[in-house]
file protein-v5.cif (mmCIF, N, CA and C atoms and all ligand atoms)
data_start
loop_
_atom_site.label_atom_id
_atom_site.label_comp_id
_atom_site.auth_asym_id
_atom_site.auth_seq_id
_atom_site.Cartn_x
_atom_site.Cartn_y
_atom_site.Cartn_z
N MET P 15 0.84 -1.21 0.00
CA MET P 15 0.00 0.00 0.00
C MET P 15 0.87 1.25 0.00
N ASP P 16 0.38 2.26 -0.70
CA ASP P 16 1.08 3.54 -0.72
C ASP P 16 0.39 4.52 0.22
N CYS P 17 1.16 5.47 0.71
CA CYS P 17 0.63 6.55 1.53
C CYS P 17 -0.41 7.33 0.72
N PRO P 18 -1.62 7.55 1.31
CA PRO P 18 -2.65 8.27 0.56
C PRO P 18 -2.28 9.73 0.29
N LYS P 19 -1.33 10.27 1.00
CA LYS P 19 -1.00 11.68 0.81
C LYS P 19 0.20 11.90 -0.09
N CYS P 20 1.29 11.19 0.18
CA CYS P 20 2.51 11.51 -0.57
C CYS P 20 2.95 10.34 -1.44
N LEU P 21 2.21 9.22 -1.40
CA LEU P 21 2.51 8.02 -2.17
C LEU P 21 3.83 7.36 -1.77
N GLY P 22 4.34 7.73 -0.61
CA GLY P 22 5.48 7.02 -0.04
C GLY P 22 5.06 5.62 0.36
N GLU P 23 6.03 4.83 0.78
CA GLU P 23 5.72 3.44 1.12
C GLU P 23 5.28 3.31 2.56
N LEU P 24 4.17 2.59 2.77
CA LEU P 24 3.68 2.35 4.13
C LEU P 24 4.28 1.05 4.66
N SER P 25 4.73 1.08 5.91
CA SER P 25 5.13 -0.19 6.52
C SER P 25 4.53 -0.33 7.90
N ALA P 26 4.25 -1.56 8.28
CA ALA P 26 3.53 -1.84 9.52
C ALA P 26 4.34 -1.41 10.74
N VAL P 27 3.72 -0.68 11.66
CA VAL P 27 4.38 -0.31 12.91
C VAL P 27 3.63 -0.85 14.12
N PHE P 28 2.40 -1.32 13.91
CA PHE P 28 1.63 -1.88 15.02
C PHE P 28 0.59 -2.83 14.47
N GLN P 29 0.50 -4.00 15.05
CA GLN P 29 -0.55 -4.93 14.66
C GLN P 29 -1.23 -5.43 15.90
N GLY P 30 -2.54 -5.30 15.92
CA GLY P 30 -3.31 -5.70 17.10
C GLY P 30 -4.77 -5.53 16.78
N VAL P 31 -5.49 -4.85 17.66
CA VAL P 31 -6.92 -4.63 17.44
C VAL P 31 -7.17 -3.87 16.14
N THR P 32 -6.20 -3.05 15.75
CA THR P 32 -6.21 -2.44 14.43
C THR P 32 -4.78 -2.48 13.94
N ASN P 33 -4.59 -2.40 12.64
CA ASN P 33 -3.22 -2.38 12.12
C ASN P 33 -2.85 -0.95 11.76
N VAL P 34 -1.65 -0.58 12.12
CA VAL P 34 -1.19 0.77 11.85
C VAL P 34 0.06 0.71 10.98
N ASP P 35 0.05 1.50 9.92
CA ASP P 35 1.20 1.60 9.05
C ASP P 35 1.73 3.03 9.09
N ARG P 36 3.04 3.15 8.92
CA ARG P 36 3.63 4.49 8.89
C ARG P 36 4.28 4.70 7.53
N CYS P 37 4.13 5.92 7.02
CA CYS P 37 4.74 6.26 5.73
C CYS P 37 6.22 6.57 5.93
N GLY P 38 7.05 5.94 5.12
CA GLY P 38 8.48 6.16 5.23
C GLY P 38 8.91 7.54 4.76
N ASN P 39 8.03 8.23 4.06
CA ASN P 39 8.38 9.56 3.57
C ASN P 39 7.83 10.68 4.47
N CYS P 40 6.51 10.78 4.59
CA CYS P 40 5.94 11.89 5.37
C CYS P 40 5.71 11.52 6.83
N GLN P 41 5.93 10.25 7.20
CA GLN P 41 5.77 9.74 8.57
C GLN P 41 4.33 9.77 9.05
N GLY P 42 3.38 10.01 8.13
CA GLY P 42 1.97 9.95 8.50
C GLY P 42 1.59 8.54 8.89
N LEU P 43 0.49 8.42 9.66
CA LEU P 43 0.04 7.12 10.15
C LEU P 43 -1.28 6.73 9.49
N PHE P 44 -1.32 5.52 8.97
CA PHE P 44 -2.53 5.00 8.37
C PHE P 44 -3.08 3.87 9.23
N PHE P 45 -4.31 4.05 9.70
CA PHE P 45 -4.96 3.06 10.56
C PHE P 45 -5.95 2.27 9.73
N ASP P 46 -5.85 0.96 9.79
CA ASP P 46 -6.78 0.07 9.12
C ASP P 46 -8.21 0.48 9.42
N GLN P 47 -8.45 0.74 10.68
CA GLN P 47 -9.67 1.41 11.09
C GLN P 47 -9.38 2.06 12.44
N LEU P 48 -10.07 3.16 12.68
CA LEU P 48 -9.93 3.80 13.98
C LEU P 48 -11.31 4.23 14.44
N THR P 49 -11.68 3.76 15.61
CA THR P 49 -12.99 4.09 16.20
C THR P 49 -12.76 4.48 17.65
N GLN P 50 -13.81 4.99 18.27
CA GLN P 50 -13.69 5.35 19.69
C GLN P 50 -13.27 4.14 20.51
N ALA P 51 -13.83 2.98 20.17
CA ALA P 51 -13.54 1.77 20.93
C ALA P 51 -12.08 1.33 20.79
N LEU P 52 -11.49 1.63 19.64
CA LEU P 52 -10.11 1.17 19.39
C LEU P 52 -9.07 2.19 19.88
N LEU P 53 -9.53 3.37 20.20
CA LEU P 53 -8.59 4.44 20.50
C LEU P 53 -7.69 4.13 21.69
N GLU P 54 -8.29 3.55 22.72
CA GLU P 54 -7.54 3.22 23.93
C GLU P 54 -6.27 2.41 23.62
N ALA P 55 -6.45 1.36 22.83
CA ALA P 55 -5.33 0.49 22.49
C ALA P 55 -4.27 1.22 21.68
N VAL P 56 -4.70 2.14 20.86
CA VAL P 56 -3.78 2.88 20.01
C VAL P 56 -3.02 3.94 20.81
N MET P 57 -3.73 4.53 21.78
CA MET P 57 -3.10 5.57 22.60
C MET P 57 -1.86 5.06 23.32
N VAL P 58 -1.96 3.83 23.80
CA VAL P 58 -0.85 3.23 24.54
C VAL P 58 0.41 3.15 23.66
N GLN P 59 0.20 3.03 22.36
CA GLN P 59 1.31 2.87 21.42
C GLN P 59 1.82 4.19 20.84
N ALA P 60 1.13 5.28 21.17
CA ALA P 60 1.39 6.53 20.46
C ALA P 60 2.86 6.95 20.51
N GLY P 61 3.49 6.74 21.67
CA GLY P 61 4.87 7.16 21.83
C GLY P 61 5.83 6.46 20.88
N THR P 62 5.51 5.24 20.50
CA THR P 62 6.42 4.51 19.62
C THR P 62 6.02 4.60 18.15
N ILE P 63 4.73 4.68 17.86
CA ILE P 63 4.36 4.68 16.44
C ILE P 63 4.36 6.06 15.81
N ASP P 64 4.13 7.10 16.60
CA ASP P 64 4.09 8.45 16.03
C ASP P 64 5.43 9.14 16.28
N LEU P 65 6.17 9.37 15.22
CA LEU P 65 7.51 9.95 15.36
C LEU P 65 7.47 11.44 15.60
N GLY P 66 6.29 12.04 15.47
CA GLY P 66 6.18 13.47 15.68
C GLY P 66 6.42 14.24 14.40
N LYS P 67 6.32 15.51 14.53
CA LYS P 67 6.31 16.37 13.37
C LYS P 67 7.72 16.79 12.96
N GLY P 68 8.07 16.49 11.72
CA GLY P 68 9.30 17.04 11.16
C GLY P 68 8.95 18.25 10.32
N GLU P 69 9.94 19.02 9.94
CA GLU P 69 9.64 20.26 9.23
C GLU P 69 8.99 20.06 7.87
N LYS P 70 9.47 19.06 7.15
CA LYS P 70 8.95 18.91 5.79
C LYS P 70 7.54 18.31 5.76
N ASP P 71 7.09 17.79 6.91
CA ASP P 71 5.82 17.07 6.90
C ASP P 71 4.62 17.99 6.80
N SER P 72 4.75 19.23 7.24
CA SER P 72 3.57 20.09 7.30
C SER P 72 2.99 20.38 5.91
N ALA P 73 3.76 20.16 4.86
CA ALA P 73 3.26 20.36 3.51
C ALA P 73 2.04 19.49 3.22
N PHE P 74 1.90 18.37 3.92
CA PHE P 74 0.82 17.45 3.63
C PHE P 74 -0.42 17.69 4.48
N ASP P 75 -0.30 18.56 5.47
CA ASP P 75 -1.42 18.81 6.38
C ASP P 75 -2.66 19.31 5.66
N ASP P 76 -2.48 20.14 4.68
CA ASP P 76 -3.60 20.84 4.07
C ASP P 76 -4.20 20.15 2.86
N MET P 77 -3.72 18.96 2.54
CA MET P 77 -4.31 18.24 1.41
C MET P 77 -5.77 17.94 1.69
N VAL P 78 -6.62 18.12 0.69
CA VAL P 78 -8.05 17.95 0.91
C VAL P 78 -8.59 16.69 0.23
N TYR P 79 -8.10 16.39 -0.96
CA TYR P 79 -8.61 15.20 -1.65
C TYR P 79 -7.63 14.05 -1.45
N VAL P 80 -7.99 13.18 -0.53
CA VAL P 80 -7.13 12.08 -0.17
C VAL P 80 -7.91 10.80 -0.41
N GLU P 81 -7.35 9.90 -1.21
CA GLU P 81 -8.05 8.66 -1.50
C GLU P 81 -7.67 7.57 -0.51
N CYS P 82 -8.67 6.85 -0.03
CA CYS P 82 -8.41 5.71 0.84
C CYS P 82 -7.62 4.66 0.06
N PRO P 83 -6.47 4.25 0.54
CA PRO P 83 -5.67 3.26 -0.20
C PRO P 83 -6.34 1.88 -0.25
N LYS P 84 -7.33 1.66 0.61
CA LYS P 84 -8.02 0.37 0.59
C LYS P 84 -9.21 0.38 -0.36
N CYS P 85 -9.99 1.48 -0.38
CA CYS P 85 -11.21 1.49 -1.21
C CYS P 85 -11.15 2.45 -2.38
N ASP P 86 -10.10 3.24 -2.49
CA ASP P 86 -10.00 4.23 -3.56
C ASP P 86 -11.11 5.27 -3.52
N LYS P 87 -11.78 5.41 -2.39
CA LYS P 87 -12.79 6.46 -2.24
C LYS P 87 -12.13 7.68 -1.63
N ILE P 88 -12.68 8.86 -1.96
CA ILE P 88 -12.18 10.07 -1.30
C ILE P 88 -12.56 10.01 0.18
N MET P 89 -11.57 10.21 1.02
CA MET P 89 -11.82 10.12 2.46
C MET P 89 -12.50 11.40 2.95
N ASP P 90 -13.34 11.26 3.99
CA ASP P 90 -13.99 12.42 4.60
C ASP P 90 -12.98 13.23 5.39
N GLN P 91 -13.16 14.54 5.39
CA GLN P 91 -12.41 15.38 6.31
C GLN P 91 -13.18 15.44 7.61
N ARG P 92 -12.53 15.09 8.70
CA ARG P 92 -13.15 15.26 10.02
C ARG P 92 -12.50 16.49 10.63
N LEU P 93 -13.32 17.44 11.02
CA LEU P 93 -12.77 18.77 11.32
C LEU P 93 -13.47 19.44 12.50
N ILE P 94 -12.67 19.98 13.38
CA ILE P 94 -13.14 20.93 14.40
C ILE P 94 -12.17 22.10 14.37
N GLU P 95 -12.69 23.31 14.35
CA GLU P 95 -11.79 24.48 14.30
C GLU P 95 -11.56 25.07 15.69
N GLU P 96 -12.61 25.05 16.53
CA GLU P 96 -12.53 25.68 17.84
C GLU P 96 -12.93 24.69 18.93
N PRO P 97 -12.34 24.78 20.11
CA PRO P 97 -11.27 25.69 20.52
C PRO P 97 -9.89 25.25 20.00
N ASN P 98 -9.78 24.00 19.63
CA ASN P 98 -8.51 23.51 19.12
C ASN P 98 -8.73 22.97 17.72
N ARG P 99 -7.77 23.19 16.85
CA ARG P 99 -7.95 22.73 15.48
C ARG P 99 -7.57 21.26 15.35
N ILE P 100 -8.55 20.48 14.93
CA ILE P 100 -8.32 19.07 14.67
C ILE P 100 -8.78 18.80 13.25
N ARG P 101 -7.93 18.17 12.47
CA ARG P 101 -8.38 17.79 11.13
C ARG P 101 -7.67 16.53 10.70
N PHE P 102 -8.47 15.57 10.26
CA PHE P 102 -7.86 14.34 9.77
C PHE P 102 -8.79 13.69 8.77
N GLU P 103 -8.33 12.61 8.15
CA GLU P 103 -9.11 11.94 7.12
C GLU P 103 -9.64 10.61 7.64
N LEU P 104 -10.92 10.38 7.33
CA LEU P 104 -11.57 9.13 7.73
C LEU P 104 -12.32 8.59 6.53
N CYS P 105 -12.12 7.32 6.21
CA CYS P 105 -12.82 6.72 5.08
C CYS P 105 -14.25 6.39 5.48
N PRO P 106 -15.25 6.92 4.78
CA PRO P 106 -16.64 6.66 5.15
C PRO P 106 -17.05 5.21 4.94
N THR P 107 -16.31 4.50 4.15
CA THR P 107 -16.67 3.11 3.84
C THR P 107 -16.05 2.13 4.83
N CYS P 108 -14.75 2.27 5.11
CA CYS P 108 -14.08 1.23 5.91
C CYS P 108 -13.53 1.74 7.24
N ASN P 109 -13.77 3.04 7.57
CA ASN P 109 -13.26 3.63 8.82
C ASN P 109 -11.73 3.69 8.88
N ALA P 110 -11.06 3.51 7.76
CA ALA P 110 -9.61 3.74 7.76
C ALA P 110 -9.37 5.22 8.04
N THR P 111 -8.28 5.49 8.73
CA THR P 111 -8.00 6.85 9.18
C THR P 111 -6.56 7.20 8.87
N PHE P 112 -6.32 8.44 8.46
CA PHE P 112 -4.96 8.88 8.24
C PHE P 112 -4.68 10.09 9.12
N LEU P 113 -3.61 10.01 9.89
CA LEU P 113 -3.18 11.14 10.71
C LEU P 113 -1.79 11.57 10.25
N ASP P 114 -1.62 12.86 10.07
CA ASP P 114 -0.29 13.36 9.72
C ASP P 114 0.66 13.13 10.89
N ALA P 115 1.94 13.17 10.58
CA ALA P 115 2.96 12.97 11.62
C ALA P 115 2.72 13.95 12.76
N GLY P 116 2.75 13.44 13.97
CA GLY P 116 2.60 14.29 15.15
C GLY P 116 1.16 14.46 15.60
N GLU P 117 0.20 14.16 14.72
CA GLU P 117 -1.20 14.41 15.09
C GLU P 117 -1.71 13.44 16.15
N LEU P 118 -1.27 12.20 16.09
CA LEU P 118 -1.74 11.25 17.10
C LEU P 118 -1.35 11.73 18.50
N ARG P 119 -0.06 12.07 18.64
CA ARG P 119 0.40 12.55 19.95
C ARG P 119 -0.38 13.79 20.39
N GLU P 120 -0.62 14.68 19.46
CA GLU P 120 -1.33 15.92 19.79
C GLU P 120 -2.78 15.64 20.16
N TYR P 121 -3.46 14.84 19.35
CA TYR P 121 -4.91 14.66 19.53
C TYR P 121 -5.27 13.82 20.75
N ILE P 122 -4.33 13.04 21.26
CA ILE P 122 -4.66 12.28 22.47
C ILE P 122 -4.21 13.01 23.73
N SER P 123 -3.69 14.21 23.59
CA SER P 123 -3.32 14.99 24.77
C SER P 123 -4.61 15.51 25.42
N PRO P 124 -4.55 15.83 26.72
CA PRO P 124 -5.77 16.20 27.44
C PRO P 124 -6.57 17.33 26.78
N ARG P 125 -5.89 18.25 26.14
CA ARG P 125 -6.59 19.38 25.52
C ARG P 125 -7.47 18.95 24.34
N PHE P 126 -7.05 17.90 23.66
CA PHE P 126 -7.71 17.52 22.40
C PHE P 126 -8.59 16.29 22.49
N ILE P 127 -8.34 15.43 23.47
CA ILE P 127 -8.85 14.06 23.39
C ILE P 127 -10.37 13.97 23.25
N GLU P 128 -11.12 14.79 24.00
CA GLU P 128 -12.58 14.66 23.93
C GLU P 128 -13.12 15.04 22.55
N ASP P 129 -12.57 16.10 21.99
CA ASP P 129 -13.00 16.52 20.65
C ASP P 129 -12.60 15.48 19.60
N PHE P 130 -11.39 14.95 19.76
CA PHE P 130 -10.90 13.95 18.80
C PHE P 130 -11.84 12.74 18.82
N LYS P 131 -12.15 12.28 20.02
CA LYS P 131 -13.06 11.14 20.17
C LYS P 131 -14.39 11.39 19.47
N SER P 132 -14.91 12.60 19.64
CA SER P 132 -16.23 12.90 19.10
C SER P 132 -16.24 12.86 17.57
N LEU P 133 -15.09 12.94 16.96
CA LEU P 133 -15.01 12.90 15.49
C LEU P 133 -14.88 11.47 14.96
N LEU P 134 -14.63 10.53 15.87
CA LEU P 134 -14.44 9.14 15.43
C LEU P 134 -15.76 8.37 15.50
N PRO P 135 -15.93 7.40 14.62
CA PRO P 135 -17.12 6.55 14.74
C PRO P 135 -17.03 5.69 16.00
N GLU P 136 -18.19 5.28 16.53
CA GLU P 136 -18.19 4.48 17.74
C GLU P 136 -17.59 3.10 17.48
ZN ZN P 201 3.27 9.87 3.16
ZN ZN P 202 -11.60 2.88 2.86
#

call {"tool": "encode", "arguments": {"input": "protein-v5.cif", "output": "structure tokens"}}
result
Amino acid sequence: MDCPKCLGELSAVFQGVTNVDRCGNCQGLFFDQLTQALLEAVMVQAGTIDLGKGEKDSAFDDMVYVECPKCDKIMDQRLIEEPNRIRFELCPTCNATFLDAGELREYISPRFIEDFKSLLPE
């Protein structure tokens, strides 16, 4: 599978209740599926799977048309602007989710977690 944003190569970084792949180029994270129920298990892994934000990665943050690498459908933008800006891609068909580098760590922090959860399917 290729990264839906930069077409870099995805490789597995976590396998369990959901499978997580990381892009070798933009370091974005692709979740086989991500739901409120699965979040707990993923949070525990955040420190190892999310390498954080590098300088060149921010170029991919603002991409709007992102195709799900599993279904080739345009992924939904899940978005909250206030009080904290959260934006990520979720596939309406298979619940696959893409987070840019650093977003997982940010979105599971106390300031973001409740809003992030509310954007995920149950
Ligand atoms: Zn990428
Ligand atoms: Zn999909």

call {"tool": "residues_near_point", "arguments": {"input": "protein-v5.cif", "point": "(-12.4, 15.7, 11.6)", "cutoff": "5 Å", "atoms": "only N, CA and C atoms", "output": "number ranges by chain"}}
result
P: 91-94, 101-102

call {"tool": "atom_distance", "arguments": {"input": "protein-v5.cif", "atom1": "CA of Leu134 in chain P", "atom2": "CA of Asp90 in chain P"}}
result
11.3 Å

call {"tool": "closest_residue", "arguments": {"input": "protein-v5.cif", "among": "P:Lys67, P:Arg36, P:Lys84, P:Lys19", "to": "ligand ZN 202 (chain P)", "atoms": "all atoms listed in the file"}}
result
P:Lys84

call {"tool": "residues_around", "arguments": {"input": "protein-v5.cif", "residues": "Cys37 in chain P", "least_positions_apart": "2", "cutoff": "6 Å", "atoms": "only C-alpha atoms", "output": "list in words"}}
result
Cys17, Gly22, Glu23, Leu24, Asn39, Cys40, Gln41 and Gly42 of chain P

call {"tool": "residues_around", "arguments": {"input": "protein-v5.cif", "residues": "Ile122 in chain P", "least_positions_apart": "2", "cutoff": "10 Å", "atoms": "only C-alpha atoms", "output": "PyMOL selection string"}}
result
chain P and resi 53-54+56-57+60+117-120+124-131

call {"tool": "atom_distance", "arguments": {"input": "protein-v5.cif", "atom1": "CA of Glu136 in chain P", "atom2": "CA of Val80 in chain P"}}
result
22.4 Å

call {"tool": "atom_distance", "arguments": {"input": "protein-v5.cif", "atom1": "atom C of Ser123 in chain P", "atom2": "CA of Thr49 in chain P"}}
result
16.9 Å

call {"tool": "closest_residue", "arguments": {"input": "protein-v5.cif", "among": "P:Cys20, P:Leu52, P:Ala73, P:Met15", "to": "Thr32 in chain P", "atoms": "all atoms listed in the file"}}
result
P:Leu52

call {"tool": "axis_aligned_box", "arguments": {"input": "protein-v5.cif", "around": "range 111-128 of chain P", "padding_each_side": "4 Å", "output": "AutoDock Vina command-line options"}}
result
--center_x -5.1 --center_y 12.4 --center_z 17.8 --size_x 24.1 --size_y 21.9 --size_z 27.2

call {"tool": "closest_atom_pairs", "arguments": {"input": "protein-v5.cif", "of": "chain P", "to": "ligand ZN 202 (chain P)", "cutoff": "8 Å", "atoms": "only C-alpha atoms and all ligand atoms", "output": "CSV"}}
result
residue,atom,partner,partner_atom,distance
P:Cys82,CA,P:ZN202,ZN,4.7
P:Pro83,CA,P:ZN202,ZN,6.7
P:Lys84,CA,P:ZN202,ZN,4.9
P:Cys85,CA,P:ZN202,ZN,4.3
P:Asp86,CA,P:ZN202,ZN,6.8
P:Lys87,CA,P:ZN202,ZN,6.3
P:Met89,CA,P:ZN202,ZN,7.3
P:Leu104,CA,P:ZN202,ZN,7.9
P:Cys105,CA,P:ZN202,ZN,4.6
P:Pro106,CA,P:ZN202,ZN,6.7
P:Thr107,CA,P:ZN202,ZN,5.2
P:Cys108,CA,P:ZN202,ZN,4.3
P:Asn109,CA,P:ZN202,ZN,6.2
P:Ala110,CA,P:ZN202,ZN,5.4

call {"tool": "closest_residue", "arguments": {"input": "protein-v5.cif", "among": "P:Tyr79, P:Tyr121, P:Phe45, P:Phe74", "to": "ligand ZN 201 (chain P)", "atoms": "all atoms listed in the file"}}
result
P:Phe74

call {"tool": "closest_residue", "arguments": {"input": "protein-v5.cif", "among": "P:Leu21, P:Leu65, P:Val27, P:Ala51", "to": "ligand ZN 201 (chain P)", "atoms": "only C-alpha atoms and all ligand atoms"}}
result
P:Leu21
